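Shown next, in structure tokens, is the structure this report addresses.
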Amino acid sequence: MTDLMQAIYKHIEENCFREYLPREYYWHYQRVLEATDEALHNSLSEEQWDLFETYMDTKVTCYAMEQEALFQAVFAAARELS
């Protein structure tokens with residue numbers, strides 16, 4: 001991403017995107033995720049938990065890359081339309 005795109009992405013990420021989340025569903029799933037995370041943590045051995053954390057860190061990294069690519073695609077489409 002260019003510096004301008006990075007600045008816009010960071011601004012949206014820090015200040016704007018939450019207003020577009022479906023409030024009634026998003027927070028429900030956040031609570032389910034927290035409860036599931038705690039139950040999973042309590043049921044796994046330390047070695048299994050470490051493996052699971054590595055897996056989740058990798059998933060989060062891939063998801064972040066996908067989100068940045070989506071932003072770049074939308075940014076490019078917006079420029080083409082203007």
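Each chain in the structure tokens gets a letter, A, B and so on, in the order shown; residues start at 1 in every chain, and ligands are counted from 1 in the order they appear.
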
Could you list, with a cut-off of 10 Å and counting only C-alpha atoms, the residues of stretch 5-25 of chain A near stretch 64-73 of chain A, each shown with its nearest atom pair and the distance in Å rounded to one decimal, rows sorted by chain and ascending number, as CSV?
```
residue,atom,partner,partner_atom,distance
A:Met5,CA,A:Gln72,CA,7.7
A:Gln6,CA,A:Glu68,CA,9.1
A:Ile8,CA,A:Phe71,CA,9.7
A:Tyr9,CA,A:Phe71,CA,7.4
```

Would you write out those residues with C-alpha atoms, as an mmCIF file, in the first residue's frame?
```
data_model
loop_
_atom_site.group_PDB
_atom_site.id
_atom_site.type_symbol
_atom_site.label_atom_id
_atom_site.label_comp_id
_atom_site.auth_asym_id
_atom_site.auth_seq_id
_atom_site.Cartn_x
_atom_site.Cartn_y
_atom_site.Cartn_z
ATOM 1 C CA MET A 5 -3.505 4.334 1.561
ATOM 2 C CA GLN A 6 -1.833 3.118 4.760
ATOM 3 C CA ILE A 8 -6.415 6.093 5.400
ATOM 4 C CA TYR A 9 -6.594 2.406 6.313
#
```

What parts of chain A does DSSP call alpha helix (DSSP H)? I'd like the answer as a count of residues only. 66

Interatomic distance between atom CA of A:Arg18 and atom CA of A:Met1?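 If I compute the distance from atom CA of A:Arg18 to atom CA of A:Met1, I get 22.1 Å.
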
Between stretch 44-78 of chain A and stretch 23-40 of chain A, at 12 Å or less, what are the per-residue closest atom pairs and their distances in Å? Count only C-alpha atoms, order by chain and rising residue number, and return it as CSV.
```
residue,atom,partner,partner_atom,distance
A:Leu44,CA,A:Leu40,CA,6.3
A:Ser45,CA,A:Leu40,CA,9.8
A:Glu46,CA,A:Leu40,CA,11.4
A:Gln48,CA,A:Leu40,CA,10.1
A:Trp49,CA,A:Leu40,CA,8.4
A:Asp50,CA,A:Leu40,CA,12.0
A:Phe52,CA,A:Leu40,CA,9.6
A:Glu53,CA,A:Asp37,CA,10.6
A:Met56,CA,A:Asp37,CA,11.0
```

File dump, residues just selected, C-alpha atoms, as a compact mmCIF listing (two decimals), in the first residue's frame:
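Result written to part-v3.txt:
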```txt
# COMPACT_ATOMS: atom_id res chain seq x y z
CA LEU A 44 -6.50 -28.13 26.39
CA SER A 45 -3.11 -29.12 27.69
CA GLU A 46 -0.40 -26.46 27.65
CA GLN A 48 -2.21 -28.13 22.76
CA TRP A 49 -2.95 -24.55 23.79
CA ASP A 50 0.39 -23.38 22.39
CA PHE A 52 -3.85 -23.59 19.02
CA GLU A 53 -2.43 -20.11 19.72
CA MET A 56 -5.00 -18.60 15.67
```

What does the structure give for the distance between atom CA of A:Thr58 and atom CA of A:Glu14, in Å to one decimal?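 Between these atoms lies a distance of 21.9 Å.
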